[in-house]
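**Q** This structure is in structure tokens; I'll ask about it shortly.
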Amino acid sequence: MTIERLQTGARMSRIVKHNGTVYLCGQVCADATKNMTEQTQTMLDKVDVLLAEAGSSRKHILSATVYVRDMKDFAEMNAVWDAWVPEGYAPARACVEARMARPELLVEVSVIAALAE
């Protein structure tokens with residue numbers, strides 16, 4: 001079985017494709033000075049770009065793990081998430097409170113998706 005790695009650096013690949021499945025590395029916002037709504041939206045925009053590059057889309061997401069710095073922001077993050085996920089295509093999802101790599105980051109997501117057919 002072939003493993004394809006895209007946007008690979010010394011530490012990680014942003015996309016790994018294997019056996020019809022796409023794995024994305026953790027995605028964070030474009031601008032960490034913004035609020036939770038904007039951080040969540042730009043983070044999900046990055047997921048869209050990576051999924052498209054991999055040959056997938058948000059309709060093919062199987063599983064997502066969302067990390068939030070503080071659960072007080074859970075509802076604000078979910079408002080953006082709920083608008084982003086196509087109706088009828090909600091993936092399996094976990095959401096946990098976690099310390100981020102940088103203190104200004106409010107949210108991160110890790111995604112596993114199927115390749116589009």
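Each chain in the structure tokens gets a letter, A, B, ..., in the order shown, and its residues are numbered from 1; ligands are numbered from 1 in order too.
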Got a sec: who's within 8 Å of Gly55 of chain A, counting only C-alpha atoms, leaving out chain neighbours fewer than 2 positions off, as a ChimeraX atom specification?
**A** /A:51-53,57,115-116
**Q** Mind running segment 92-113 of chain A against segment 32-35 of chain A at 12 Å and telling me each contacting residue's nearest atom pair with the distance in Å (one decimal), counting only C-alpha atoms, chain and number ascending, as a tab-separated table?
**A**
residue	atom	partner	partner_atom	distance
A:Met100	CA	A:Ala32	CA	11.4
A:Ala101	CA	A:Ala32	CA	11.6
A:Arg102	CA	A:Ala32	CA	9.0
A:Pro103	CA	A:Ala32	CA	9.1
A:Glu104	CA	A:Ala32	CA	5.7
A:Leu105	CA	A:Ala32	CA	5.5
A:Leu106	CA	A:Ala32	CA	7.7
A:Val107	CA	A:Ala32	CA	9.5
A:Glu108	CA	A:Ala32	CA	11.1
**Q** Let me make sure I understand: among A:Ser110, A:Gln41, A:Ser13, A:Thr21, which one has the smallest atom-to-atom distance to Trp84 of chain A if we use only C-alpha atoms?
**A**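 When distances to Trp84 of chain A are compared using only C-alpha atoms, the smallest one comes from A:Gln41.
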**Q** Name the closest residue to Arg93 of chain A among the candidates A:Arg11, A:Ser63, A:Ala79, A:Asp70; distances are taken between atoms, counting only C-alpha atoms.
**A**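 Of all the options, A:Ser63 lies closest to Arg93 of chain A.
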**Q** Among segment 1-39 of chain A, which residues carry a DSSP assignment of alpha helix (DSSP H), reported as a list in words?
**A**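 Secondary structure check on segment 1-39 of chain A, alpha helix (DSSP H): Met36, Thr37, Glu38 and Gln39 of chain A.
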**Q** If I take atom CA of Cys29 of chain A and atom CA of Ile61 of chain A, how far is one from the other in Å, to one decimal?
**A** 19.0 Å
**Q** Restricting the calculation to only C-alpha atoms: of A:Gln27, A:Thr42, A:Ala54, A:Thr65, which residue gets closest to Glu4 of chain A?
**A**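 Nearest to Glu4 of chain A: A:Ala54.
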**Q** For Gly88 of chain A, which residue among A:Gly20, A:His60, A:Cys25, A:Glu117 is the nearest when counting only C-alpha atoms?
**A**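 The shortest atom-to-atom distance to Gly88 of chain A comes from A:His60.
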**Q** For each of A:Ala75, A:Ile3, A:Ile112, A:Met36, take the minimum atom-to-atom distance to Leu24 of chain A, counting only C-alpha atoms, then give the residue where this is smallest.
**A** A:Ile112
**Q** Let's see if you can do this: from backbone DSSP, list all strand (DSSP E or B) residues in segment 3-37 of chain A, as a PyMOL selection string.
**A** chain A and resi 3-8+13-18+21-27
**Q** Write out the residues from the selection above, keeping N, CA and C atoms, as a short mmCIF file (atom, residue, chain, number, x, y, z; two decimals), in the first residue's frame.
**A**
data_model
loop_
_atom_site.label_atom_id
_atom_site.label_comp_id
_atom_site.auth_asym_id
_atom_site.auth_seq_id
_atom_site.Cartn_x
_atom_site.Cartn_y
_atom_site.Cartn_z
N ILE A 3 1.81 5.10 0.60
CA ILE A 3 1.58 6.25 1.47
C ILE A 3 2.10 7.47 0.73
N GLU A 4 1.25 8.47 0.57
CA GLU A 4 1.64 9.71 -0.11
C GLU A 4 1.66 10.84 0.91
N ARG A 5 2.78 11.55 0.96
CA ARG A 5 2.94 12.66 1.90
C ARG A 5 3.07 13.96 1.10
N LEU A 6 2.27 14.96 1.46
CA LEU A 6 2.28 16.24 0.76
C LEU A 6 2.68 17.34 1.74
N GLN A 7 3.37 18.34 1.21
CA GLN A 7 3.85 19.46 2.04
C GLN A 7 4.63 18.93 3.24
N THR A 8 5.62 18.12 2.93
CA THR A 8 6.41 17.45 3.97
C THR A 8 7.61 18.29 4.37
N SER A 13 4.26 16.14 7.89
CA SER A 13 3.61 16.39 6.61
C SER A 13 2.27 17.04 6.91
N ARG A 14 1.90 18.02 6.10
CA ARG A 14 0.60 18.66 6.33
C ARG A 14 -0.54 17.74 5.90
N ILE A 15 -0.27 16.88 4.91
CA ILE A 15 -1.27 15.94 4.39
C ILE A 15 -0.59 14.58 4.23
N VAL A 16 -1.26 13.53 4.70
CA VAL A 16 -0.82 12.16 4.44
C VAL A 16 -2.03 11.41 3.88
N LYS A 17 -1.82 10.73 2.74
CA LYS A 17 -2.88 9.95 2.11
C LYS A 17 -2.47 8.48 2.14
N HIS A 18 -3.42 7.64 2.58
CA HIS A 18 -3.14 6.21 2.66
C HIS A 18 -4.45 5.44 2.59
N THR A 21 -7.74 7.24 2.59
CA THR A 21 -7.98 8.12 3.73
C THR A 21 -6.98 9.27 3.72
N VAL A 22 -7.44 10.45 4.11
CA VAL A 22 -6.62 11.65 4.18
C VAL A 22 -6.47 12.04 5.65
N TYR A 23 -5.24 12.27 6.07
CA TYR A 23 -4.95 12.72 7.43
C TYR A 23 -4.33 14.10 7.34
N LEU A 24 -4.89 15.06 8.03
CA LEU A 24 -4.33 16.41 8.06
C LEU A 24 -3.63 16.64 9.39
N CYS A 25 -2.51 17.33 9.35
CA CYS A 25 -1.89 17.73 10.61
C CYS A 25 -2.78 18.77 11.27
N GLY A 26 -2.53 19.04 12.52
CA GLY A 26 -3.33 20.02 13.25
C GLY A 26 -3.29 21.38 12.55
N GLN A 27 -4.46 22.00 12.43
CA GLN A 27 -4.57 23.30 11.78
C GLN A 27 -4.98 24.34 12.81
#
